[in-house]
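Undergrad: My questions all concern the structure below.
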Amino acid sequence: MEYRRLGSSGLKVPALSFGAGTFGGKGPLFSAWGSTDTEEARRLIDICLEAGVNLFDTADVYSDGASEDVLGAAIRGRRDDVILSTKLTLPTGDGPNDAGSSRSRLIRGVDHALKRLGTDYIDLLQLHAFDAGTPVEEVLSTLDTLVRSGKLRYVGVSNFSGWQLMKSLAVADRHGYPRYVANQVYYSLAGRDYEWELMPLGLDQGVGALVWSPLGWGRLTGKIRRGEPWPQGSRLHETAAFGPPVDEEKLYDIVDVLDAIAQETGKTVPQIAINWLLRRPSVSSVIIGARNEEQLRQNLGAVGWSLSADEVARLDAASATTAPYPYFPYFRQEGFARINPPAV
């Protein structure tokens with residue numbers, strides 16, 4: 001397994017990490033993802049650790065906290081062997097303080113997460129979404145207190161826009177608060193919006209990407225084909241409405257190229273899609289998920305080899321989209337490109 005620094009921090013993380021969204025199986029969305037119990041989770045974690053995957057990511061909203069419960073039970077007795085990542089801020093109840101990043105919510109949320117995970121510290125806490133109603137100074141001063149208390153080691157974000165992340169980093173620098181070192185983002189061959197603003201920001205500010213849904217919300221599994229219905233058993237039947245939007249025709253063009261490269265290389269479509277991401281700038285780790293051992297072992301096969309330059313170029317061409325304003329001039333006009341070179 002290859003290990004990379006998480007942004008500009010000193011923490012080294014594996015190129016592949018494991019997402020525990022399939023643990024617990026509660027609620028309409030997460031029950032469709034999976035219902036892994038503690039015994040099954042322990043076996044999947046065994047396989048991950050054997051392969052060098054020691055970063056495990058979850059969130060308080062995954063299966064109403066059951067994902068953290070199962071993950072915590074599954075790592076019992078080997079806490080020092082793993083890096084634990086979890087997320088807060090999305091609603092966990094109907095109360096006025098059951099969502100967001102207020103001081104009250106963060107302190108209470110961290111304490112609850114620690115209890116569910118069965119640990120006294122979290123390696124990486126990420127804010128699951130930006131809270132426009134809480135001053136950034138309050139958020140960061142609270143995180144500073146939690147880091148100084150030993151409950152948190154590193155902090156990051158997820159699903160922030162560029163200005164939200166940059167404002168937060170500026171406030172952290174101004175007051176000496178901990179800087180966000182990770183940005184958990186949606187990024188795949190079927191969704192490359194991350195590249196326009198967040199990737200250059202990450203490269204400039206030392207914020208590493210942890211990629212969620214690298215298979216395009218289940219559309220790059222090798223089972224979705226042009227002109228064919230979704231196969232029985234696909235979680236897209238239950239979860240498509242929750243996921244990021246996708247250009248269906250563009251998706252099938254990408255799948256055509258993935259299929260061709262799979263035939264040429266003997267690799268699977270998911271392995272190729274993940275390997276492409278591992279070559280992208282600013283990516284610290286790609287989060288893989290699995291409902292069973294077979295899926296996990298297949299996804300682990302995405303490392304240990306590299307796509308050729310020609311194969312990367314073909315995938316780049318099939319998945320390319322026009323950059324939105326104000327970024328598109330940089331990719332079309334030589335003058336703009338000279339003063340604002342693209343990150344990719």
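By convention here, the chains of the structure tokens are called A, B, ... in the order presented, each chain's residues are numbered starting at 1, and ligands are numbered starting at 1 in the order presented.
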Once you count only C-alpha atoms, what closest atom pair and distance in Å to one decimal does each residue of segment 119-173 of chain A within 12 Å of segment 7-20 of chain A have, with rows by chain and rising residue number, as CSV?
TA:
```
residue,atom,partner,partner_atom,distance
A:Asp123,CA,A:Leu11,CA,9.4
A:Leu124,CA,A:Leu11,CA,9.9
A:Arg153,CA,A:Leu11,CA,9.6
A:Tyr154,CA,A:Ser9,CA,8.6
A:Val155,CA,A:Ser9,CA,10.4
A:Gly156,CA,A:Gly7,CA,10.1
```
Undergrad: What parts of segment 79-190 of chain A does DSSP call strand (DSSP E or B)? I'd like the answer as a VMD selection string.
TA: chain A and resid 83 to 88 122 to 127 152 to 158 180 to 186 188
Undergrad: Name the residues of segment 108-287 of chain A that fall into alpha helix (DSSP H) according to DSSP on the backbone, using the chain letters and numbers of this document, as a PDB file with C-alpha atoms, in the first residue's frame.
TA:
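The result, written out as out_24.pdb:
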```pdb
ATOM      1  CA  ARG A 108     -21.749  17.339  22.343  1.00  0.00           C
ATOM      2  CA  GLY A 109     -21.316  15.646  18.961  1.00  0.00           C
ATOM      3  CA  VAL A 110     -17.674  14.821  19.591  1.00  0.00           C
ATOM      4  CA  ASP A 111     -18.464  13.372  23.010  1.00  0.00           C
ATOM      5  CA  HIS A 112     -21.211  11.180  21.554  1.00  0.00           C
ATOM      6  CA  ALA A 113     -18.964  10.041  18.698  1.00  0.00           C
ATOM      7  CA  LEU A 114     -16.192   9.129  21.140  1.00  0.00           C
ATOM      8  CA  LYS A 115     -18.614   7.021  23.145  1.00  0.00           C
ATOM      9  CA  ARG A 116     -19.987   5.206  20.084  1.00  0.00           C
ATOM     10  CA  LEU A 117     -16.507   4.598  18.683  1.00  0.00           C
ATOM     11  CA  VAL A 136     -16.454  30.788  11.551  1.00  0.00           C
ATOM     12  CA  GLU A 137     -14.535  32.112  14.587  1.00  0.00           C
ATOM     13  CA  GLU A 138     -16.853  30.167  16.914  1.00  0.00           C
ATOM     14  CA  VAL A 139     -16.435  26.969  14.897  1.00  0.00           C
ATOM     15  CA  LEU A 140     -12.649  27.144  14.776  1.00  0.00           C
ATOM     16  CA  SER A 141     -12.162  28.252  18.382  1.00  0.00           C
ATOM     17  CA  THR A 142     -14.248  25.244  19.460  1.00  0.00           C
ATOM     18  CA  LEU A 143     -12.198  22.892  17.296  1.00  0.00           C
ATOM     19  CA  ASP A 144      -9.056  24.443  18.777  1.00  0.00           C
ATOM     20  CA  THR A 145     -10.333  23.641  22.276  1.00  0.00           C
ATOM     21  CA  LEU A 146     -11.126  20.054  21.266  1.00  0.00           C
ATOM     22  CA  VAL A 147      -7.680  19.594  19.726  1.00  0.00           C
ATOM     23  CA  ARG A 148      -5.943  21.042  22.789  1.00  0.00           C
ATOM     24  CA  GLY A 162     -14.204  27.221  -2.305  1.00  0.00           C
ATOM     25  CA  TRP A 163     -15.000  30.508  -0.552  1.00  0.00           C
ATOM     26  CA  GLN A 164     -16.259  28.714   2.568  1.00  0.00           C
ATOM     27  CA  LEU A 165     -13.065  26.708   2.871  1.00  0.00           C
ATOM     28  CA  MET A 166     -10.777  29.648   2.090  1.00  0.00           C
ATOM     29  CA  LYS A 167     -12.544  31.905   4.592  1.00  0.00           C
ATOM     30  CA  SER A 168     -12.125  29.232   7.251  1.00  0.00           C
ATOM     31  CA  LEU A 169      -8.417  28.838   6.492  1.00  0.00           C
ATOM     32  CA  ALA A 170      -7.904  32.596   6.644  1.00  0.00           C
ATOM     33  CA  VAL A 171      -9.596  32.816  10.054  1.00  0.00           C
ATOM     34  CA  ALA A 172      -7.517  29.873  11.303  1.00  0.00           C
ATOM     35  CA  ASP A 173      -4.326  31.601  10.184  1.00  0.00           C
ATOM     36  CA  ARG A 174      -5.362  34.926  11.720  1.00  0.00           C
ATOM     37  CA  HIS A 175      -6.054  33.468  15.167  1.00  0.00           C
ATOM     38  CA  LEU A 198     -11.394  23.046  -4.909  1.00  0.00           C
ATOM     39  CA  MET A 199      -8.439  21.199  -6.426  1.00  0.00           C
ATOM     40  CA  PRO A 200      -6.367  24.350  -7.108  1.00  0.00           C
ATOM     41  CA  LEU A 201      -7.314  25.607  -3.636  1.00  0.00           C
ATOM     42  CA  GLY A 202      -6.193  22.332  -2.081  1.00  0.00           C
ATOM     43  CA  LEU A 203      -2.878  22.422  -3.903  1.00  0.00           C
ATOM     44  CA  ASP A 204      -2.262  26.049  -2.936  1.00  0.00           C
ATOM     45  CA  GLN A 205      -3.331  25.727   0.706  1.00  0.00           C
ATOM     46  CA  LEU A 236     -29.404   2.820  -7.434  1.00  0.00           C
ATOM     47  CA  HIS A 237     -33.049   1.727  -7.370  1.00  0.00           C
ATOM     48  CA  GLU A 238     -33.275   3.079  -3.798  1.00  0.00           C
ATOM     49  CA  THR A 239     -30.500   5.669  -3.669  1.00  0.00           C
ATOM     50  CA  GLU A 248     -26.391  10.057 -18.653  1.00  0.00           C
ATOM     51  CA  GLU A 249     -24.951  10.253 -22.181  1.00  0.00           C
ATOM     52  CA  LYS A 250     -21.596  11.381 -20.871  1.00  0.00           C
ATOM     53  CA  LEU A 251     -21.720   8.549 -18.343  1.00  0.00           C
ATOM     54  CA  TYR A 252     -22.198   5.931 -21.068  1.00  0.00           C
ATOM     55  CA  ASP A 253     -19.331   7.407 -23.086  1.00  0.00           C
ATOM     56  CA  ILE A 254     -17.114   6.987 -20.031  1.00  0.00           C
ATOM     57  CA  VAL A 255     -18.327   3.431 -19.462  1.00  0.00           C
ATOM     58  CA  ASP A 256     -17.540   2.559 -23.077  1.00  0.00           C
ATOM     59  CA  VAL A 257     -13.915   3.611 -22.566  1.00  0.00           C
ATOM     60  CA  LEU A 258     -13.721   1.855 -19.199  1.00  0.00           C
ATOM     61  CA  ASP A 259     -15.003  -1.341 -20.816  1.00  0.00           C
ATOM     62  CA  ALA A 260     -12.439  -1.113 -23.586  1.00  0.00           C
ATOM     63  CA  ILE A 261      -9.543  -0.566 -21.165  1.00  0.00           C
ATOM     64  CA  ALA A 262     -10.803  -3.410 -18.974  1.00  0.00           C
ATOM     65  CA  GLN A 263     -10.675  -5.735 -21.980  1.00  0.00           C
ATOM     66  CA  GLU A 264      -7.145  -4.594 -22.808  1.00  0.00           C
ATOM     67  CA  THR A 265      -5.699  -4.737 -19.281  1.00  0.00           C
ATOM     68  CA  VAL A 269     -14.086  -1.307 -14.423  1.00  0.00           C
ATOM     69  CA  PRO A 270     -14.080  -0.201 -10.731  1.00  0.00           C
ATOM     70  CA  GLN A 271     -10.334  -0.820 -10.448  1.00  0.00           C
ATOM     71  CA  ILE A 272      -9.675   1.360 -13.490  1.00  0.00           C
ATOM     72  CA  ALA A 273     -11.977   4.152 -12.290  1.00  0.00           C
ATOM     73  CA  ILE A 274     -10.270   4.225  -8.870  1.00  0.00           C
ATOM     74  CA  ASN A 275      -6.751   4.005 -10.324  1.00  0.00           C
ATOM     75  CA  TRP A 276      -7.502   7.053 -12.486  1.00  0.00           C
ATOM     76  CA  LEU A 277      -8.390   9.022  -9.347  1.00  0.00           C
ATOM     77  CA  LEU A 278      -5.206   7.980  -7.575  1.00  0.00           C
TER      78      LEU A 278
END
```
Undergrad: Please report the interatomic distance between atom CA of Glu39 of chain A and atom CA of Val53 of chain A in Å with one decimal.
TA: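 Taking atom CA of Glu39 of chain A as the start and atom CA of Val53 of chain A as the end point, the length is 18.5 Å.
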Undergrad: I'd like to know which of A:Ala73, A:Val82, A:Ile47, A:Ala59 is closest to Ser158 of chain A, using only C-alpha atoms.
TA: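 Ranking A:Ala73, A:Val82, A:Ile47, A:Ala59 by distance to Ser158 of chain A, first place goes to A:Ala59.
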Undergrad: Rank A:Asp193, A:Arg43, A:Pro135, A:Arg179 by their smallest atom-to-atom distance to Tyr327 of chain A, using only C-alpha atoms, and report the top residue only.
TA: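 Closest candidate: A:Asp193.
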Undergrad: With a distance cut-off of 10 Å and only C-alpha atoms, select the neighbouring residues of segment 285-292 of chain A, excluding the residue or stretch itself and same-chain residues fewer than 5 positions from it, and output the selection as number ranges by chain.
TA: A: 2-6, 12-23, 33-36, 40-41, 43-44, 55-57, 182, 184-185, 187, 208-215, 274-275, 277-278, 297-300
Undergrad: In terms of the shortest atom-to-atom distance over only C-alpha atoms, which of A:Asn54, A:Ser306, A:Thr268, A:Ser102 is closest to Leu84 of chain A?
TA: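 Closest residue, counting only C-alpha atoms: A:Asn54.
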Undergrad: What is the distance between atom CA of Arg105 of chain A and atom CA of Leu127 of chain A, in Å to one decimal?
TA: 11.4 Å
